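Q: There's a structure below that I have some questions on.
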Amino acid sequence: MTKTVLLARPHPFIVSEMKPFLEDGGYVAAKLENMADLATQAKNSAGVVISLAISSAIGVSAFEVLSQLRKDAPRTPVLFAAMLDFDSSKSNLTRLAEQAGMQATILGVAAGNESASALGKPDTFFYISKDDLADPARRAIAKRMIQRHFR
């Protein structure tokens, strides 16, 4: 059975880079077209990808998508993606967790995180950057981490 991953805040990077990456990992990547469909699509997904880009095709912030996701599908694992490297994005992820009233475990693509027990949990903020997908070794690690996160 194929698992679906919802691209909940589509951005050109997410669609052009993340979608083929997910499909290569055996997932079907579904693009959210309207926030009104988030609840239905998220409940039927193995996980949700939220872009941290300033703008998105659905016109709402990453915080708004995360907040709605936690109301509609609180157990669904989430992955954040952006152009910036993990170190540059970590403070944004921490702030996002605080705004959402969450104690999140924040993980980036690293060999030491491949078997982290936090993967697959709804309070884990897993982050992938464009550079993670461009580097073959980090891409392989990211693929293994996604398979643990989106079970």
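Naming scheme: A, B, ... for chains in displayed order of the structure tokens; residues 1 onward per chain; ligands 1 onward as shown.
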As a list in words, list the residues of region 31-74 of chain A assigned to strand (DSSP E) by DSSP on the backbone atoms of this structure.
A: Lys31, Gly47, Val48, Val49, Ile50 and Ser51 of chain A
Q: Please produce a file of those selected residues containing C-alpha atoms, as an mmCIF file, in the first residue's frame.
A:
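Okay, out_39.cif is ready:
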data_model
loop_
_atom_site.group_PDB
_atom_site.id
_atom_site.type_symbol
_atom_site.label_atom_id
_atom_site.label_comp_id
_atom_site.auth_asym_id
_atom_site.auth_seq_id
_atom_site.Cartn_x
_atom_site.Cartn_y
_atom_site.Cartn_z
ATOM 1 C CA LYS A 31 -0.367 19.032 -3.094
ATOM 2 C CA GLY A 47 2.818 12.923 7.123
ATOM 3 C CA VAL A 48 2.708 16.582 6.164
ATOM 4 C CA VAL A 49 5.396 18.825 4.652
ATOM 5 C CA ILE A 50 5.208 22.532 5.501
ATOM 6 C CA SER A 51 7.379 25.019 3.652
#
Q: Taking only residues of region 94-144 of chain A that have an atom at most 10 Å from an atom of region 14-20 of chain A, what is each one's shortest atom pair and its distance in Å to one decimal, using only C-alpha atoms, in chain and number order, as a tab-separated table?
A:
residue	atom	partner	partner_atom	distance
A:Ile128	CA	A:Met18	CA	9.2
A:Ser129	CA	A:Met18	CA	9.7
A:Lys130	CA	A:Glu17	CA	7.7
A:Leu133	CA	A:Glu17	CA	7.7
A:Ala134	CA	A:Glu17	CA	9.2
Q: Any chance you could export the current selection's all heavy atoms as a tab-separated table (two decimals), in the first residue's frame?
A:
chain	number	residue	atom	x	y	z
A	128	ILE	N	14.30	19.64	6.59
A	128	ILE	CA	15.15	19.34	5.44
A	128	ILE	C	15.36	20.62	4.65
A	128	ILE	O	14.40	21.33	4.35
A	128	ILE	CB	14.52	18.26	4.54
A	128	ILE	CG1	14.47	16.92	5.26
A	128	ILE	CG2	15.30	18.14	3.23
A	128	ILE	CD1	13.90	15.79	4.43
A	129	SER	N	16.62	20.87	4.31
A	129	SER	CA	16.94	22.04	3.49
A	129	SER	C	17.20	21.61	2.05
A	129	SER	O	17.40	20.42	1.77
A	129	SER	CB	18.19	22.75	4.03
A	129	SER	OG	19.35	21.99	3.73
A	130	LYS	N	17.24	22.58	1.18
A	130	LYS	CA	17.53	22.29	-0.23
A	130	LYS	C	18.91	21.64	-0.35
A	130	LYS	O	19.09	20.72	-1.14
A	130	LYS	CB	17.46	23.58	-1.04
A	130	LYS	CG	17.67	23.34	-2.52
A	130	LYS	CD	17.44	24.57	-3.34
A	130	LYS	CE	17.64	24.20	-4.80
A	130	LYS	NZ	17.05	25.15	-5.71
A	133	LEU	N	19.10	17.89	0.08
A	133	LEU	CA	18.69	17.10	-1.08
A	133	LEU	C	19.72	17.14	-2.20
A	133	LEU	O	19.77	16.25	-3.04
A	133	LEU	CB	17.32	17.57	-1.59
A	133	LEU	CG	16.17	17.46	-0.60
A	133	LEU	CD1	14.87	17.89	-1.25
A	133	LEU	CD2	16.05	16.05	-0.04
A	134	ALA	N	20.56	18.18	-2.22
A	134	ALA	CA	21.56	18.33	-3.27
A	134	ALA	C	22.80	17.47	-3.03
A	134	ALA	O	23.45	17.02	-3.97
A	134	ALA	CB	21.96	19.80	-3.40
Q: For region 108-114 of chain A, work out the shell of residues within 10 Å, counting only C-alpha atoms and skipping chain neighbours fewer than 4 positions away, then give it as a ChimeraX atom specification.
A: /A:79-80,85-87,89-90,118-119,125-129,132-133,137-149
Q: Grab the CA of Thr4 (chain A) to CA of Gln103 (chain A) distance for me, in Å with one decimal place.
A: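 These atoms are spaced 26.3 Å apart.
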Q: Identify, with DSSP run on backbone atoms, the residues in chain A assigned to helix (DSSP H, G or I), and express the list as a PyMOL selection string.
A: chain A and resi 12-24+35-43+62-72+86-99+111-113+130-134+136-149
Q: From the options A:Glu98, A:Ala39, A:Leu52, A:Met83, which residue's atoms come nearest to Lys71 (chain A), counting only C-alpha atoms?
A: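 Selected residue with least distance to Lys71 (chain A): A:Ala39.
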Q: Skip Ala8 (chain A) itself and residues of its chain fewer than 6 positions away, then list as a list of chain:residue names all residues within 10 Å of it, counting only C-alpha atoms.
A: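 Near neighbours after the sequence-gap exclusion: A:Ile14, A:Ala30, A:Lys31, A:Leu32, A:Glu33, A:Asn34, A:Met35, A:Asp37, A:Leu38, A:Gln41, A:Ala42, A:Gly47, A:Val48, A:Val49, A:Ile50, A:Ser51, A:Ser56, A:Ala57, A:Ile58, A:Ala62, A:Val65, A:Leu66, A:Leu69, A:Val78.
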Q: So how far away is CA of Asn44 (chain A) from CA of Asp123 (chain A), in Å?
A: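 Pair CA of Asp123 (chain A) / CA of Asn44 (chain A) returns 18.5 Å.
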Q: Please report the interatomic distance between CA of Thr124 (chain A) and CA of Leu22 (chain A) in Å with one decimal.
A: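 Atom-to-atom, CA of Thr124 (chain A) and CA of Leu22 (chain A) are spaced 18.6 Å apart.
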Q: Ranking A:Pro136, A:Pro77, A:Gly59, A:Gly26 by minimum distance to Lys121 (chain A) and counting only C-alpha atoms, which one comes first?
A: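 Closest candidate: A:Pro77.
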